[in-house]
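Source file: query.csv; contents: CSV, C-alpha atoms.
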chain,number,residue,atom,x,y,z
A,12,MET,CA,3.7,-51.7,42.7
A,13,ILE,CA,6.2,-48.8,43.1
A,14,VAL,CA,9.3,-51.0,43.0
A,15,PRO,CA,9.4,-51.3,39.1
A,16,PHE,CA,9.1,-47.6,38.7
A,17,LEU,CA,12.0,-47.0,41.2
A,18,TRP,CA,14.1,-49.7,39.4
A,19,MET,CA,13.4,-48.0,36.1
A,20,ILE,CA,14.6,-44.6,37.4
A,21,VAL,CA,17.7,-46.1,39.2
A,22,THR,CA,18.7,-48.0,36.0
A,23,ALA,CA,18.3,-44.8,33.9
A,24,LEU,CA,21.0,-43.2,36.1
A,25,LYS,CA,23.5,-46.0,35.7
A,26,THR,CA,26.4,-46.4,33.2
A,27,GLY,CA,26.2,-49.2,30.6
A,28,SER,CA,28.6,-51.4,32.5
A,29,GLU,CA,26.8,-50.9,35.8
A,30,THR,CA,23.5,-52.1,34.4
A,31,ALA,CA,25.1,-55.5,33.7
A,32,LYS,CA,26.7,-55.9,37.2
A,33,ILE,CA,25.8,-59.0,39.2
A,34,PRO,CA,24.7,-58.6,41.9
A,35,PRO,CA,23.0,-55.4,40.7
A,36,THR,CA,23.6,-52.1,42.5
A,37,LEU,CA,20.6,-50.5,44.2
A,38,ILE,CA,22.1,-47.0,44.1
A,39,PRO,CA,24.0,-45.7,41.0
A,40,GLN,CA,27.7,-45.2,41.9
A,41,ASN,CA,28.0,-42.2,39.6
A,42,PRO,CA,24.5,-40.9,38.5
A,43,GLN,CA,24.4,-40.3,34.7
A,44,TRP,CA,21.8,-37.5,34.4
A,45,GLY,CA,22.9,-37.1,30.8
A,46,ASN,CA,21.3,-40.4,29.9
A,47,PHE,CA,18.0,-38.7,29.6
A,48,ILE,CA,19.4,-36.2,27.0
A,49,LYS,CA,21.1,-39.1,25.1
A,50,ALA,CA,17.9,-41.1,25.1
A,51,TRP,CA,15.9,-38.2,23.8
A,52,ASN,CA,18.4,-37.5,21.0
A,53,ALA,CA,18.8,-41.2,20.1
A,54,ALA,CA,15.7,-41.1,18.0
A,55,PRO,CA,13.2,-38.5,16.7
A,56,PHE,CA,11.3,-38.6,20.0
A,57,LEU,CA,9.8,-35.2,19.5
A,58,ARG,CA,8.0,-36.6,16.4
A,59,TYR,CA,7.0,-39.7,18.4
A,60,PHE,CA,5.7,-37.5,21.2
A,61,LEU,CA,3.6,-35.4,18.8
A,62,ASN,CA,2.2,-38.5,17.1
A,63,SER,CA,1.3,-40.2,20.4
A,64,THR,CA,-0.3,-37.0,21.7
A,65,PHE,CA,-2.4,-36.5,18.6
A,66,VAL,CA,-3.5,-40.2,18.4
A,67,MET,CA,-4.4,-40.3,22.1
A,68,ILE,CA,-6.5,-37.1,21.9
A,69,VAL,CA,-8.4,-38.0,18.7
A,70,THR,CA,-8.9,-41.6,19.8
A,71,THR,CA,-10.2,-40.7,23.2
A,72,ILE,CA,-12.6,-38.0,21.9
A,73,GLY,CA,-13.9,-40.3,19.2
A,74,GLN,CA,-14.3,-43.3,21.5
A,75,ILE,CA,-16.1,-41.3,24.2
A,76,ILE,CA,-18.6,-39.9,21.6
A,77,THR,CA,-19.4,-43.4,20.2
A,78,THR,CA,-19.5,-44.8,23.7
A,79,ILE,CA,-22.0,-42.2,24.9
A,80,LEU,CA,-24.3,-42.7,21.8
A,81,GLY,CA,-24.1,-46.5,22.0
A,82,ALA,CA,-24.7,-46.6,25.8
A,83,PHE,CA,-27.7,-44.3,25.5
A,84,ALA,CA,-29.2,-46.4,22.7
A,85,PHE,CA,-28.9,-49.7,24.7
A,86,ALA,CA,-30.0,-48.0,28.0
A,87,ARG,CA,-32.9,-45.9,26.9
A,88,LEU,CA,-34.1,-46.4,23.3
A,89,GLU,CA,-36.3,-49.2,22.1
A,90,PHE,CA,-35.7,-50.7,18.7
A,91,TYR,CA,-36.1,-54.1,16.9
A,92,GLY,CA,-33.4,-56.7,17.8
A,93,LYS,CA,-32.0,-54.6,20.7
A,94,LYS,CA,-31.4,-57.6,23.0
A,95,THR,CA,-29.9,-59.7,20.2
A,96,ILE,CA,-27.6,-57.0,19.1
A,97,PHE,CA,-26.5,-56.3,22.7
A,98,ILE,CA,-25.7,-60.0,23.3
A,99,LEU,CA,-23.7,-60.2,20.0
A,100,CYS,CA,-21.7,-57.2,21.0
A,101,MET,CA,-21.1,-58.7,24.4
A,102,ALA,CA,-19.8,-61.8,22.7
A,103,THR,CA,-17.2,-59.8,20.9
A,104,MET,CA,-15.6,-59.0,24.3
A,105,MET,CA,-14.6,-62.6,24.5
A,106,VAL,CA,-12.5,-62.4,21.4
A,107,PRO,CA,-8.8,-61.9,22.2
A,108,SER,CA,-7.5,-58.6,20.7
A,109,GLU,CA,-4.6,-60.5,19.1
A,110,MET,CA,-7.0,-62.3,16.8
A,111,LEU,CA,-8.2,-58.9,15.4
A,112,ILE,CA,-4.7,-57.8,14.4
A,113,ILE,CA,-4.6,-59.6,11.0
A,114,PRO,CA,-8.2,-58.8,9.9
A,115,ASN,CA,-7.7,-55.2,10.9
A,116,PHE,CA,-4.4,-55.0,9.0
A,117,VAL,CA,-5.8,-56.6,5.9
A,118,THR,CA,-8.9,-54.3,5.9
A,119,LEU,CA,-6.9,-51.1,6.4
A,120,SER,CA,-4.3,-52.3,3.8
A,121,LYS,CA,-7.1,-52.7,1.2
A,122,LEU,CA,-8.3,-49.2,2.1
A,123,GLY,CA,-4.8,-47.7,1.7
A,124,MET,CA,-4.6,-46.6,5.3
A,125,ILE,CA,-1.4,-48.3,6.4
A,126,ASN,CA,1.2,-45.9,7.7
A,127,THR,CA,-1.3,-43.1,8.2
A,128,TYR,CA,-2.9,-41.6,11.3
A,129,ALA,CA,-6.2,-43.3,10.2
A,130,ALA,CA,-4.6,-46.7,10.8
A,131,LEU,CA,-3.6,-45.6,14.3
A,132,ILE,CA,-7.0,-44.1,15.1
A,133,VAL,CA,-9.9,-45.7,13.3
A,134,PRO,CA,-9.7,-49.3,14.8
A,135,TRP,CA,-10.0,-47.8,18.3
A,136,LEU,CA,-12.8,-45.3,17.9
A,137,ALA,CA,-15.3,-47.7,19.5
A,138,SER,CA,-15.0,-50.0,22.5
A,139,PHE,CA,-18.0,-52.2,23.6
A,140,PHE,CA,-16.4,-52.6,27.0
A,141,ALA,CA,-16.7,-48.8,27.4
A,142,VAL,CA,-20.3,-48.9,26.0
A,143,PHE,CA,-21.3,-51.6,28.4
A,144,THR,CA,-19.7,-49.8,31.4
A,145,LEU,CA,-21.4,-46.5,30.6
A,146,ARG,CA,-24.7,-48.3,29.8
A,147,GLN,CA,-24.8,-49.6,33.4
A,148,THR,CA,-24.3,-46.1,34.7
A,149,PHE,CA,-27.1,-44.7,32.4
A,150,MET,CA,-29.4,-47.4,33.7
A,151,THR,CA,-29.0,-46.1,37.3
A,152,ILE,CA,-30.7,-42.8,36.3
A,153,PRO,CA,-34.4,-43.0,37.3
A,154,ASP,CA,-36.9,-43.6,34.5
A,155,GLU,CA,-39.1,-41.0,36.0
A,156,LEU,CA,-36.5,-38.4,35.1
A,157,TYR,CA,-36.6,-39.5,31.4
A,158,TYR,CA,-40.4,-39.6,31.3
A,159,ALA,CA,-40.7,-36.2,32.9
A,160,ALA,CA,-38.3,-34.7,30.3
A,161,LYS,CA,-40.3,-36.3,27.5
A,162,ILE,CA,-43.5,-34.8,28.9
A,163,ASP,CA,-41.9,-31.4,28.8
A,164,GLY,CA,-41.2,-32.0,25.1
A,165,THR,CA,-37.5,-32.6,25.5
A,166,SER,CA,-35.9,-34.6,22.7
A,167,ASP,CA,-33.7,-37.6,23.3
A,168,TRP,CA,-30.7,-35.7,22.0
A,169,TYR,CA,-31.2,-32.9,24.5
A,170,PHE,CA,-31.9,-35.3,27.3
A,171,LEU,CA,-28.7,-37.2,26.6
A,172,TRP,CA,-26.3,-34.3,26.5
A,173,ARG,CA,-27.9,-31.9,29.0
A,174,ILE,CA,-29.0,-34.4,31.7
A,175,ILE,CA,-27.6,-37.9,31.4
A,176,VAL,CA,-24.0,-36.9,30.4
A,177,PRO,CA,-23.5,-34.4,33.3
A,178,LEU,CA,-24.9,-37.0,35.8
A,179,SER,CA,-22.5,-39.6,34.5
A,180,LYS,CA,-19.4,-37.4,34.4
A,181,SER,CA,-17.4,-39.6,36.8
A,182,THR,CA,-17.8,-42.7,34.7
A,183,ILE,CA,-17.1,-40.8,31.4
A,184,VAL,CA,-13.9,-39.3,32.8
A,185,ALA,CA,-12.8,-42.7,34.1
A,186,LEU,CA,-13.3,-44.3,30.7
A,187,ALA,CA,-11.6,-41.4,29.0
A,188,THR,CA,-8.6,-41.7,31.3
A,189,LEU,CA,-8.3,-45.4,30.8
A,190,GLU,CA,-8.4,-44.9,27.0
A,191,MET,CA,-5.8,-42.2,27.2
A,192,ILE,CA,-3.5,-44.5,29.1
A,193,GLY,CA,-4.2,-47.4,26.8
A,194,SER,CA,-3.6,-45.4,23.6
A,195,TRP,CA,-0.4,-43.8,25.0
A,196,ASN,CA,1.1,-47.2,25.9
A,197,SER,CA,0.0,-49.0,22.8
A,198,PHE,CA,2.9,-50.9,21.2
A,199,MET,CA,1.8,-53.8,19.1
A,200,TRP,CA,-0.6,-52.1,16.7
A,201,PRO,CA,1.5,-49.0,16.0
A,202,MET,CA,4.4,-51.3,15.3
A,203,ILE,CA,2.4,-53.3,12.7
A,204,ALA,CA,0.4,-50.4,11.2
A,205,THR,CA,3.3,-48.0,10.6
A,206,ASN,CA,6.6,-48.4,8.7
A,207,SER,CA,8.3,-45.1,9.0
A,208,ASP,CA,9.6,-42.8,11.8
A,209,LYS,CA,7.2,-40.1,10.6
A,210,MET,CA,4.2,-42.1,11.9
A,211,ARG,CA,5.7,-44.0,14.8
A,212,THR,CA,4.6,-43.5,18.4
A,213,LEU,CA,6.6,-43.3,21.7
A,214,PRO,CA,6.4,-47.0,22.8
A,215,VAL,CA,7.6,-48.1,19.3
A,216,GLY,CA,10.5,-45.6,19.6
A,217,LEU,CA,11.8,-47.6,22.5
A,218,SER,CA,13.0,-50.3,20.1
A,219,ALA,CA,15.7,-47.9,19.0
A,220,PHE,CA,17.7,-49.0,22.0
A,221,THR,CA,17.7,-52.6,21.1
A,222,THR,CA,20.1,-53.6,18.3
A,223,ASP,CA,22.0,-56.7,17.2
A,224,ALA,CA,24.8,-55.7,19.5
A,225,GLY,CA,22.5,-55.8,22.5
A,226,THR,CA,20.3,-53.5,24.5
A,227,GLN,CA,21.3,-50.2,26.0
A,228,TYR,CA,19.3,-50.6,29.2
A,229,GLN,CA,20.3,-47.3,30.8
A,230,LEU,CA,19.0,-45.4,27.8
A,231,LEU,CA,16.0,-47.6,27.4
A,232,MET,CA,15.0,-47.0,31.0
A,233,ALA,CA,15.7,-43.2,30.6
A,234,ALA,CA,13.4,-43.1,27.6
A,235,SER,CA,10.8,-45.2,29.4
A,236,THR,CA,10.9,-42.7,32.3
A,237,ILE,CA,10.2,-39.8,30.0
A,238,ILE,CA,7.3,-41.7,28.4
A,239,VAL,CA,5.7,-42.7,31.7
A,240,ILE,CA,5.8,-39.3,33.3
A,241,PRO,CA,2.8,-37.8,31.3
A,242,MET,CA,0.6,-40.8,32.2
A,243,ILE,CA,1.5,-40.6,35.9
A,244,VAL,CA,0.6,-36.9,35.9
A,245,ILE,CA,-2.8,-37.6,34.2
A,246,TYR,CA,-3.6,-40.4,36.6
A,247,VAL,CA,-2.7,-38.4,39.7
A,248,PHE,CA,-5.0,-35.6,38.7
A,249,LEU,CA,-7.9,-37.9,37.5
A,250,GLN,CA,-7.6,-40.8,39.9
A,251,LYS,CA,-10.7,-39.7,41.9
A,252,TYR,CA,-12.8,-39.9,38.8
A,253,ILE,CA,-11.5,-43.4,38.0
A,254,ILE,CA,-12.3,-44.6,41.4
A,255,ALA,CA,-15.7,-42.9,41.4
A,256,GLY,CA,-16.5,-44.2,37.9
A,257,VAL,CA,-15.6,-47.8,38.7
A,258,THR,CA,-17.4,-48.0,42.1
A,259,ARG,CA,-20.4,-45.8,41.3
A,260,SER,CA,-23.6,-47.8,41.8
A,261,GLY,CA,-26.2,-45.0,42.0
A,262,LEU,CA,-26.8,-41.3,41.9
A,263,LYS,CA,-25.4,-38.9,44.4
A,264,GLY,CA,-27.9,-37.1,46.5
Let's see the structure in the file written out as structure tokens.
Amino acid sequence: MIVPFLWMIVTALKTGSETAKIPPTLIPQNPQWGNFIKAWNAAPFLRYFLNSTFVMIVTTIGQIITTILGAFAFARLEFYGKKTIFILCMATMMVPSEMLIIPNFVTLSKLGMINTYAALIVPWLASFFAVFTLRQTFMTIPDELYYAAKIDGTSDWYFLWRIIVPLSKSTIVALATLEMIGSWNSFMWPMIATNSDKMRTLPVGLSAFTTDAGTQYQLLMAASTIIVIPMIVIYVFLQKYIIAGVTRSGLKG
């Protein structure tokens, strides 16, 4: 798992000619630390970085809010057609994401949202995979706790945000982390939904190193290293929540 990351860093320190050597060199003969500066200046990466950060933050917050509300509705509330709606939503998880690209593009195009932040954010404000995962966690919370809160006159809204959400922190943080990583690394949709450097994100910016004359692999790998670092830092600090959220099957004592 670590080898691709090491190869990325090693290639980022090579010269253009050295990246094409066969057999490849494992250690750069003359490390080119300036490749990182060249890569950063090759395109408006500061703008890309700000766009990626903004989209990641807004998308993650929005998705977590819709996930919490949806999961609570399916886990605790009773309403007409609940099981049918849940099954239909489950069925959407079997639809490949690639099939949604054209319908989403046409819809946003008619709404005049193409090449805007709305195009990068709105389609990803809800995820039923996240709703399903959090619903399973909500259902592990004893019914007696809910009934006791209702007897004390607690509203569903208060019970959700003051009791259920704190008890499900590990799962929520895990889902937020996965969404942050997914949003940060997203390439296909930002490429399709934007058409100017002003709105492009970091993964799309990597295409600046591929031209008709070929690919500048040393600069491509240098830029990739810069892009990957924030996600590695986030994962390192939040990995315990990811593991706890995925493996959690009951409440801690």
Next on the checklist: Let me make sure I understand: among A:Ile38, A:Ile183, A:Leu231, A:Met210, which one has the smallest atom-to-atom distance to Leu249 in chain A if we use all atoms listed in the file?
Outcome noted: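 Under the stated criterion, the closest residue is A:Ile183.
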Item to check | Computed interatomic separation between CA of Ala54 in chain A and CA of Met191 in chain A (Å) | outcome: 23.4 Å
Checklist entry - What separation in Å, quoted to one decimal, exists between CA of Trp18 in chain A and CA of Asp208 in chain A? => result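 For CA of Trp18 in chain A relative to CA of Asp208 in chain A, the distance reads 28.8 Å.
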Checklist entry - Which residue out of A:Leu24, A:Val133, A:Val142, A:Leu171 has the minimum interatomic distance to Gln40 in chain A when only C-alpha atoms are used? => result A:Leu24
Closest atom pairs, residues of range 121-221 of chain A within 12 Å of range 106-109 of chain A, only C-alpha atoms, as a tab-separated table:
residue	atom	partner	partner_atom	distance
A:Pro134	CA	A:Ser108	CA	11.2
A:Trp135	CA	A:Ser108	CA	11.3
A:Ser138	CA	A:Ser108	CA	11.6
A:Phe139	CA	A:Val106	CA	11.8
A:Phe140	CA	A:Val106	CA	11.9
A:Met199	CA	A:Glu109	CA	9.3
A:Trp200	CA	A:Glu109	CA	9.6
A:Ile203	CA	A:Glu109	CA	11.9
Checklist entry - Between A:Ala50, A:Ile174, A:Ile162, A:Ile72, which is the closest to Gln227 in chain A once you count only C-alpha atoms? => result A:Ala50
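Pairwise distance (CA of Arg58 in chain A, CA of Met242 in chain A) equals 17.9 Å.
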Checklist entry - Could you name the residues that touch Ser197 in chain A at 12 Å or less, counting only C-alpha atoms, but leaving out those on the same chain fewer than 5 positions away, as a list in words? => result Ser63, Val66, Met67, Thr70, Leu131, Ile132, Trp135, Glu190, Met191, Ile192, Met202, Ile203, Ala204, Arg211, Thr212, Leu213, Pro214, Val215, Gly216, Leu217 and Ile238 of chain A
Next on the checklist: Could you list, as a ChimeraX atom specification, every residue within 12 Å of Val176 in chain A, counting only C-alpha atoms and ignoring same-chain residues fewer than 2 positions away?
Outcome noted: /A:75-76,78-80,82-83,145-146,148-149,152,168-174,178-184
Next on the checklist: Let me make sure I understand: among A:Asn115, A:Ser194, A:Asn206, A:Asn46, which one has the smallest atom-to-atom distance to Ser235 in chain A if we use only C-alpha atoms?
Outcome noted: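 Result for the nearest residue to Ser235 in chain A: A:Asn46.
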Next on the checklist: Using all atoms listed in the file, list the residues that have an atom at most 7 Å from (15.5, -48.7, 33.0), coordinates as in the file, as a list of chain:residue names.
Outcome noted: A:Trp18, A:Met19, A:Ile20, A:Thr22, A:Ala23, A:Tyr228, A:Gln229, A:Leu231, A:Met232, A:Ala233, A:Ser235
Written file, previous selection with C-alpha atoms, as a PDB file, keeping the file's coordinate frame:
ATOM      1  CA  TRP A  18      14.100 -49.700  39.400  1.00  0.00           C
ATOM      2  CA  MET A  19      13.400 -48.000  36.100  1.00  0.00           C
ATOM      3  CA  ILE A  20      14.600 -44.600  37.400  1.00  0.00           C
ATOM      4  CA  THR A  22      18.700 -48.000  36.000  1.00  0.00           C
ATOM      5  CA  ALA A  23      18.300 -44.800  33.900  1.00  0.00           C
ATOM      6  CA  TYR A 228      19.300 -50.600  29.200  1.00  0.00           C
ATOM      7  CA  GLN A 229      20.300 -47.300  30.800  1.00  0.00           C
ATOM      8  CA  LEU A 231      16.000 -47.600  27.400  1.00  0.00           C
ATOM      9  CA  MET A 232      15.000 -47.000  31.000  1.00  0.00           C
ATOM     10  CA  ALA A 233      15.700 -43.200  30.600  1.00  0.00           C
ATOM     11  CA  SER A 235      10.800 -45.200  29.400  1.00  0.00           C
TER      12      SER A 235
END
What would range 34-46 of chain A look like with N, CA, C and O atoms restored, written as an mmCIF file, in the frame of the given file?
data_model
loop_
_atom_site.group_PDB
_atom_site.id
_atom_site.type_symbol
_atom_site.label_atom_id
_atom_site.label_comp_id
_atom_site.auth_asym_id
_atom_site.auth_seq_id
_atom_site.Cartn_x
_atom_site.Cartn_y
_atom_site.Cartn_z
ATOM 1 N N PRO A 34 26.063 -59.068 41.641
ATOM 2 C CA PRO A 34 24.700 -58.600 41.900
ATOM 3 C C PRO A 34 24.473 -57.178 41.488
ATOM 4 O O PRO A 34 25.422 -56.399 41.499
ATOM 5 N N PRO A 35 23.265 -56.816 41.147
ATOM 6 C CA PRO A 35 23.000 -55.400 40.700
ATOM 7 C C PRO A 35 23.167 -54.432 41.846
ATOM 8 O O PRO A 35 22.967 -54.769 43.018
ATOM 9 N N THR A 36 23.512 -53.215 41.483
ATOM 10 C CA THR A 36 23.600 -52.100 42.500
ATOM 11 C C THR A 36 22.282 -51.460 42.648
ATOM 12 O O THR A 36 21.583 -51.200 41.671
ATOM 13 N N LEU A 37 21.938 -51.168 43.873
ATOM 14 C CA LEU A 37 20.600 -50.500 44.200
ATOM 15 C C LEU A 37 20.710 -49.020 43.987
ATOM 16 O O LEU A 37 19.712 -48.380 43.682
ATOM 17 N N ILE A 38 21.900 -48.463 44.194
ATOM 18 C CA ILE A 38 22.100 -47.000 44.100
ATOM 19 C C ILE A 38 23.209 -46.766 43.053
ATOM 20 O O ILE A 38 24.303 -47.326 43.195
ATOM 21 N N PRO A 39 22.981 -45.958 42.004
ATOM 22 C CA PRO A 39 24.000 -45.700 41.000
ATOM 23 C C PRO A 39 25.277 -45.104 41.671
ATOM 24 O O PRO A 39 25.192 -44.189 42.500
ATOM 25 N N GLN A 40 26.440 -45.657 41.327
ATOM 26 C CA GLN A 40 27.700 -45.200 41.900
ATOM 27 C C GLN A 40 28.023 -43.765 41.423
ATOM 28 O O GLN A 40 28.556 -42.947 42.155
ATOM 29 N N ASN A 41 27.709 -43.508 40.155
ATOM 30 C CA ASN A 41 28.000 -42.200 39.600
ATOM 31 C C ASN A 41 26.779 -41.822 38.680
ATOM 32 O O ASN A 41 26.770 -42.126 37.487
ATOM 33 N N PRO A 42 25.743 -41.211 39.240
ATOM 34 C CA PRO A 42 24.500 -40.900 38.500
ATOM 35 C C PRO A 42 24.772 -40.235 37.155
ATOM 36 O O PRO A 42 25.460 -39.220 37.106
ATOM 37 N N GLN A 43 24.229 -40.814 36.108
ATOM 38 C CA GLN A 43 24.400 -40.300 34.700
ATOM 39 C C GLN A 43 23.134 -39.555 34.303
ATOM 40 O O GLN A 43 22.304 -40.097 33.580
ATOM 41 N N TRP A 44 23.001 -38.305 34.730
ATOM 42 C CA TRP A 44 21.800 -37.500 34.400
ATOM 43 C C TRP A 44 21.755 -37.261 32.863
ATOM 44 O O TRP A 44 20.694 -37.028 32.298
ATOM 45 N N GLY A 45 22.908 -37.330 32.228
ATOM 46 C CA GLY A 45 22.900 -37.100 30.800
ATOM 47 C C GLY A 45 22.286 -38.200 29.988
ATOM 48 O O GLY A 45 22.044 -38.034 28.781
ATOM 49 N N ASN A 46 21.978 -39.340 30.629
ATOM 50 C CA ASN A 46 21.300 -40.400 29.900
ATOM 51 C C ASN A 46 19.957 -40.003 29.366
ATOM 52 O O ASN A 46 19.519 -40.478 28.306
#
